[in-house]
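Peer 1: My questions will all concern the structure given below.
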Protein chains: 2
Amino acid sequence: MFEVIDAEEAKSIVEENFAATCGEEEMPIESALHRVLARATVSPEDMPPFPRATMDGYAVKAEDTFGASDSFPLVLKLKGEVPMGEMPAQTVSRGETVQVATGSVLPEGADAVIMLEYIENLSSEEIMIYRAVAPGDNIIKKGEDYPANSTVLPSGHVLRAQDLGALAGLGITTVKVYRQPVVAVVSTGDEIVDCREKPGPGQIRDINTTVLSSLITTCGGVPVAMGIVPDKKERLKNSLEEAVERADIVLISGGSSVGARDVTVEAIESCENGKIYFHGIAVRPGKPTIMGQAYKKPVFGLSGNPVSAMTGFLLLVKPLIRRMSGMTRYTTCPREVTAVLQRNLPSTTGREDYYRVYLHEEGERYTAKPVLGPPGLINTMVNAHGLLRIPRNTEGLYQGEEVTVEILD
Amino acid sequence: MFEVIDAEEAKSIVEENFAATCGEEEMPIESALHRVLARATVSPEDMPPFPRATMDGYAVKAEDTFGASDSFPLVLKLKGEVPMGEMPAQTVSRGETVQVATGSVLPEGADAVIMLEYIENLSSEEIMIYRAVAPGDNIIKKGEDYPANSTVLPSGHVLRAQDLGALAGLGITTVKVYRQPVVAVVSTGDEIVDCREKPGPGQIRDINTTVLSSLITTCGGVPVAMGIVPDKKERLKNSLEEAVERADIVLISGGSSVGARDVTVEAIESCENGKIYFHGIAVRPGKPTIMGQAYKKPVFGLSGNPVSAMTGFLLLVKPLIRRMSGMTRYTTCPREVTAVLQRNLPSTTGREDYYRVYLHEEGERYTAKPVLGPPGLINTMVNAHGLLRIPRNTEGLYQGEEVTVEILD
């Protein structure tokens with residue numbers, strides 16, 4: 001028999017023993033969306049490399065415009081135009097101006113742009129201005145977006161569209177990111193056949209390889225399906241050894257019966273550096289979750305029951321995949337909503353309970369209705385939008401309470 | 001000159017004129033994660049195909065156990081065991097039982113399973129039971145997860161891990177999903193060079209192809225980068241025609257100056273079925289956004305300024321991509337958080353204002369601090385976690401107010 005441990009303790013054990021990232025790889029920025037930077041990026045040069053106009057208008061020395069208004073327009077000497085994408089041939093001295101368009105290089109000597117709307121063309125050599133501007137108005141300074149040698153993004157940053165854009169602007173077209181952990185999925189069970197096969201009498205199709213592979217992808221891991229293995233220690237050990245060779249994390253799903261769970265435990269223990277950290281967590285569903293290592297790689301034995309396997313995965317494997325991906329700072333993006341509970345939910349003290357809930361949008365808020373049914377039915381997950389956790393020291397929740405729901409997507 | 005229209009009106013115009021999805025394609029479930037079902041899926045058979053035990057124990061007729069307790073145990077005749085993955089050789093009649101493991105087929109005649117913990121083996125032919133069970137206890141009925149011919153998932157459903165698992169379990173290994181819209185990105189500007197090139201004097205690297213392509217991917221579209229085109233009507237028209245041929249939506253970014261914007265408008269209008277729906281929206285940043293069509297496909301002219309281009313994209317293009325992907329029901333998953341505003345924010349009535357904000361987690365809540373700076377600086381987006389919208393009829397927001405922030409990921 002085994003001793004059941006708390007969910008929090010189980011999480012700590014995984015965290016303490018398997019903390020490292022999976023190493024780095026270099027890739028072009030086009031492929032790096034949502035990957036995690038392994039090295040801080042530093043700007044190699046000023047961006048922009050020259051001061052630019054941000055409006056169509058006239059580059060001026062701001063002090064030349066002071067006092068200009070509708071009733072007291074001032075006259076400036078027009079020295080031509082800056083062609084887009086070229087360096088200005090002219091400089092701006094006192095009393096002078098050069099026409100610019102949005103994005104033009106600001107000519108030397110100018111420190112502001114006066115908008116087109118506030119001038120009048122007197123001739124090809126003179127304009128009248130009706131508005132004063134302050135130094136810096138309607139321009140971006142050289143290096144104002146990123147000065148040379150400044151940190152653009154810290155290591156651990158999850159790369160978003162705008163981050164990749166900043167790198168592109170600086171000419172940083174490849175980045176060093178953390179390698180995505182490869183996660184092997186072994187399905188066990190004498191009654192299980194591949195979902196593409198026709199089950200014989202007494203057999204059913206494998207659900208968990210599909211569920212777990214998809215969850216791995218969603219968390220940022222790379223799934224490898226190892227196929228289906230019967231509940232025999234030697235066969236499972238062989239599959240486990242192959243999985244450990246190919247992957248950073250191994251999931252063994254199945255073994256819902258006590259006998260089959262014992263086979264999983266024995267197969268893990270029989271590997272080099274094989275060890276069981278815990279066997280059973282105080283969580284429902286997900287209680288029979290096994291955690292160990294083989295060849296120093298983390299191995300999880302998840303229930304064959306799809307709902308329990310999902311709960312065990314979300315509780316223990318998802319945080320590990322994110323940590324091994326380097327996602328330490330990915331904290332400001334919860335997939336959570338607040339909802340009003342639609343009925344009382346019982347819970348047992350000393351155990352975490354997870355309820356599947358259906359969310360309904362009512363005006364500005366959500367309501368959460370539990371989707372009841374045994375955890376062996378995947379329809380209870382299919383009909384749910386999210387998971388509602390009842391902590392171990394809570395006796396239950398009441399109808400009308402505000403609850404936080406983790407979205408299952 | 002052009003007339004500026006409201007953001008809401010702009011959104012309606014896009015929605016009314018470009019409502020259709022992009023057609024369907026069939027794909028294996030392994031590749032269909034987060035794709036949108038184009039056809040409802042119906043179960044071809046009962047799942048499970050036979051009643052199953054959900055616990056290790058003994059299959060019984062529940063009525064045979066009624067009255068059993070620790071003080072009044074009852075005796076049942078043991079008729080052997082059901083081997084996992086096979087059909088039972090035995091049936092269960094009154095007074096009889098057959099041993100089962102979690103996942104076994106329930107023998108005919110039985111309607112419940114009594115758990116291992118509540119029995120004692122008397123001999124190879126008799127067990128004593130200490131607990132009564134009700135019909136249905138510890139079993140899943142034939143077809144209880146999905147009966148044959150039931151709707152498993154409606155069309156329009158976004159496929160998640162558990163959904164794909166249910167399909168796998170039913171032997172549905174391919175699905176019809178909506179094709180992802182292909183979105184072409186044309187970057188214009190005489191001063192722009194590809195981010196892999198070294199800019200000459202007066203030139204800068206293209207940021208928007210990278211930003212927009214990544215945003216398209218994030219929304220579920222397929223980006224196609226068309227490269228950089230100078231601000232010349234004929235060149236832009238050629239590129240636009242090529243883009244329309246390859247894509248479902250075309251984005252032209254650049255043309256920040258009035259002259260360049262005019263070139264964009266003219267190029268769109270000169271195409272077959274070319275038409276401008278609007279040119280300018282009452283949104284800051286993002287005001288100079290152009291919306292039209294060429295060869296009956298939607299074409300957006302976004303600002304060359306990366307922050308304005310992002311705002312225009314998120315406001316108009318993102319909802320269109322989602323709609324064309326068939327994501328009508330994808331409503332229960334906002335990437336939003338509630339936060340407490342850290343300073344007063346002014347806004348002009350009659351216009352929507354978008355502020356970039358930095359989120360800070362303080363215990364259970366977030367605070368939102370505006371990231372100020374001109375929209376020409378991409379660093380203001382890089383340093384922001386989300387966008388805060390101030391609706392057009394609001395004069396501003398006060399420090400301490402609760403605000404909703406759309407996460408930029």
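Identifiers for the structure tokens are assigned positionally: chains receive A, B, ... in sequence, residues are indexed from 1 per chain, and ligands are indexed from 1 in the order shown.
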Need the shell around B:Phe278: protein/DNA/RNA residues with any atom at most 12 Å away, counting only C-alpha atoms. Skip same-chain ones fewer than 5 positions apart. Format as an NGL selection string?

Peer 2: :B and (1-7 or 9-14 or 265 or 268 or 287-293 or 298-301)

Peer 1: Taking 4 positions as the minimum chain separation for residues in the same chain, which residues sit within 9 Å of A:Thr210 when counting only C-alpha atoms? Answer as a PyMOL selection string.

Peer 2: (chain A and resi 195+206+214-215+225) or (chain B and resi 29-30+161-162+164-166+168)

Peer 1: If we count only C-alpha atoms, what is near A:Ala294 at a cut-off of 7 Å, once residues fewer than 5 positions away on the same chain are taken out, given as a PDB file with N, CA and C atoms, in the first residue's frame?

Peer 2:
```
ATOM      1  N   ILE A 268       9.367   1.386 -13.187  1.00  0.00           N
ATOM      2  CA  ILE A 268      10.165   2.596 -12.923  1.00  0.00           C
ATOM      3  C   ILE A 268      11.339   2.244 -12.016  1.00  0.00           C
ATOM      4  N   CYS A 271      14.530   0.548 -13.493  1.00  0.00           N
ATOM      5  CA  CYS A 271      15.426   1.267 -14.410  1.00  0.00           C
ATOM      6  C   CYS A 271      16.659   1.776 -13.658  1.00  0.00           C
ATOM      7  N   GLU A 272      17.710   2.114 -14.416  1.00  0.00           N
ATOM      8  CA  GLU A 272      18.892   2.702 -13.799  1.00  0.00           C
ATOM      9  C   GLU A 272      18.483   4.002 -13.104  1.00  0.00           C
ATOM     10  N   ASN A 273      18.972   4.231 -11.910  1.00  0.00           N
ATOM     11  CA  ASN A 273      18.576   5.381 -11.092  1.00  0.00           C
ATOM     12  C   ASN A 273      17.060   5.456 -10.904  1.00  0.00           C
ATOM     13  N   GLY A 274      16.431   4.318 -10.987  1.00  0.00           N
ATOM     14  CA  GLY A 274      14.974   4.268 -10.835  1.00  0.00           C
ATOM     15  C   GLY A 274      14.577   4.502  -9.387  1.00  0.00           C
ATOM     16  N   LYS A 275      13.521   5.255  -9.192  1.00  0.00           N
ATOM     17  CA  LYS A 275      13.136   5.669  -7.848  1.00  0.00           C
ATOM     18  C   LYS A 275      11.697   6.181  -7.864  1.00  0.00           C
ATOM     19  N   VAL A 299       9.490  10.810 -14.293  1.00  0.00           N
ATOM     20  CA  VAL A 299       8.500   9.895 -14.860  1.00  0.00           C
ATOM     21  C   VAL A 299       7.220  10.026 -14.038  1.00  0.00           C
TER      22      VAL A 299
END
```

Peer 1: Please identify all residues of chain B having at least one atom at most 7 Å from any atom of chain A, considering only C-alpha atoms, and return them as a count of residues only.

Peer 2: 47

Peer 1: Which is closer to B:Gly67 than all the others in B:Arg94, B:Pro285, B:Tyr130, B:Lys318, using only C-alpha atoms?

Peer 2: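 With only C-alpha atoms as the atom set, the closest residue is B:Tyr130.
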
Peer 1: Assign secondary structure with DSSP using the backbone only, and return the residues of stretch 73-249 of chain A in helix (DSSP H, G or I) as a ChimeraX atom specification.

Peer 2: /A:116-118,161-169,208-219,233-246

Peer 1: I'd like the contact shell of B:Thr97 - 9 Å cut-off, only C-alpha atoms, skipping same-chain residues fewer than 6 positions apart - returned as a PyMOL selection string.

Peer 2: chain B and resi 58-61+76-80+91+110+126-127

Peer 1: Once you have the residues from the selection above, write them out as an mmCIF file, in the first residue's frame, restricted to C-alpha atoms.

Peer 2:
```cif
data_model
loop_
_atom_site.group_PDB
_atom_site.id
_atom_site.type_symbol
_atom_site.label_atom_id
_atom_site.label_comp_id
_atom_site.auth_asym_id
_atom_site.auth_seq_id
_atom_site.Cartn_x
_atom_site.Cartn_y
_atom_site.Cartn_z
ATOM 1 C CA TYR B 58 -16.492 -7.927 -7.641
ATOM 2 C CA ALA B 59 -19.326 -7.651 -10.167
ATOM 3 C CA VAL B 60 -22.667 -8.320 -8.496
ATOM 4 C CA LYS B 61 -26.384 -7.927 -8.801
ATOM 5 C CA LEU B 76 -21.709 -14.899 -2.751
ATOM 6 C CA LYS B 77 -20.612 -17.656 -5.081
ATOM 7 C CA LEU B 78 -17.375 -16.677 -6.920
ATOM 8 C CA LYS B 79 -17.362 -17.641 -10.601
ATOM 9 C CA GLY B 80 -13.782 -16.635 -11.464
ATOM 10 C CA THR B 91 -22.623 -14.318 -16.463
ATOM 11 C CA ALA B 110 -24.243 -7.744 -13.003
ATOM 12 C CA GLU B 126 -16.910 -18.080 -2.171
ATOM 13 C CA ILE B 127 -16.512 -14.512 -0.944
#
```

Peer 1: Take atom CA of A:Pro135 and atom CA of A:Glu120 and report the distance between them in Å, one decimal.

Peer 2: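 Pair atom CA of A:Pro135 / atom CA of A:Glu120 returns 21.0 Å.
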
Peer 1: Using DSSP on the backbone coordinates, identify the residues of stretch 63-194 of chain B assigned to strand (DSSP E); present them as a PyMOL selection string.

Peer 2: chain B and resi 74-81+96-100+112-115+119-123+126-129+139-140+151-153+174-178+182-188+192-193

Peer 1: I want to know what sits within 10 Å of A:Pro154, based on only C-alpha atoms, with residues of the same chain fewer than 4 positions away left out; could you give that as a list in words?

Peer 2: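 Selected residues are Val36, Leu37, Ala38, Arg39, Ala40, Thr41, Val42 and Val158 of chain A.
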
Peer 1: One decimal, in Å: what's the spacing between atom CA of A:Leu397 and atom CA of A:Glu8?

Peer 2: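 Calculated distance between atom CA of A:Leu397 and atom CA of A:Glu8 is 20.3 Å.
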
Peer 1: Of the candidates B:Leu320, B:Val340, B:Val175, B:Leu372, which one gets nearest to B:Asn17 if we count only C-alpha atoms?

Peer 2: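 Nearest to B:Asn17: B:Leu320.
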
Peer 1: For atom CA of A:Lys369 and atom CA of B:Arg35, quote the distance in Å rounded to one decimal.

Peer 2: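 That distance, rounded to one decimal, is 25.5 Å.
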